[in-house]
Every structure is written in C-alpha cells, then in structure tokens.
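Structure record follows, encoded as structure tokens.
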Amino acid sequence: MIKVLAEERSDRTEVIQLADIFRASILDVSPTTLTLAVIGEESKTEALEQLMERFGILELVRTGVVALERGQYTIRDQRKETTEFNLGKHAL
C-alpha cells in the first residue's frame, strides 16, 4: 500500500494512470492524496514505488498486516484528532 501526495489535478491524473498500468487498486481518495494497493512480484511493487517517489510518498507498507490512515492525514500526523483511538478508563 502506498499513500501519495496528489494535490494538483495533473498529478492525480498521472497517479491514476500509473495505478492502472500496474493494475494497482485505488483504496482511498482525499482532496490531496491517493492511497494505492499493488499486489504482485517485488520488482513490480518496487517499480511503482520508484515512480511514485516524485509525487511524494506519505506512507508505505510493503508486507504483512497493514494499516494506513484514511484521507490526507498519516498515522503519525499531529493535526488529526488524538482521541480517535483513546478508549478511556472504561475500556474492556
């Protein structure tokens, strides 16, 4: 999974075209980012990763159980709500 910056229409169009060429799925769209999933040989994922670098890779997960924040924020972004995963003292 790769989350890339795509603020400009031309960047967004190019990322979508590259995703199509690599048969990657677009998992999430925000006003400034696109999140892609690509499955296949390591050489395929590396090639797509290299092409996405010029847009700005915000998050990248290559294997195993994965999680990426939806939308324009990243998991470590301080601007999002910090209480999202706080269950409080009454949690089970």
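Lettering and numbering for the structure tokens are positional, with chains as A, B, ... in the shown order, residues counted from 1 in each chain, and ligands counted from 1 in the shown order.
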Residue list (strand (DSSP E), DSSP) for range 11-45 of chain A, as number ranges by chain: A: 25-29, 33-37
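Near range 50-60 of chain A, within a cut-off of 6 Å and counting only C-alpha atoms, sit the residues A:Met1, A:Ile2, A:Lys3, A:Val4, A:Leu5, A:Ala47, with same-chain residues fewer than 3 positions away left out.
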May I have the selected residues written with C-alpha atoms, as a tab-separated table (two decimals), in the first residue's frame?
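Writing done, so here's selection_0.tsv:
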chain	number	residue	atom	x	y	z
A	1	MET	CA	0.00	0.00	0.00
A	2	ILE	CA	1.25	3.43	-0.93
A	3	LYS	CA	-0.21	6.81	0.04
A	4	VAL	CA	0.99	9.57	-2.28
A	5	LEU	CA	0.53	13.30	-2.39
A	47	ALA	CA	8.95	-0.08	-9.95
Residue with smallest distance to Arg23 in chain A - pool A:Val38, A:Ser10, A:Glu69, A:Thr45, counting only C-alpha atoms: A:Val38
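Residues in contact with Ile26 in chain A at 6 Å, where only C-alpha atoms are counted and same-chain residues fewer than 2 positions away are skipped, are listed as Asp28, Thr35 and Leu36 of chain A.
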One residue among A:Val61, A:Ile21, A:Val15, A:Val29 is nearest to Lys44 in chain A when using only C-alpha atoms, and that residue is A:Ile21
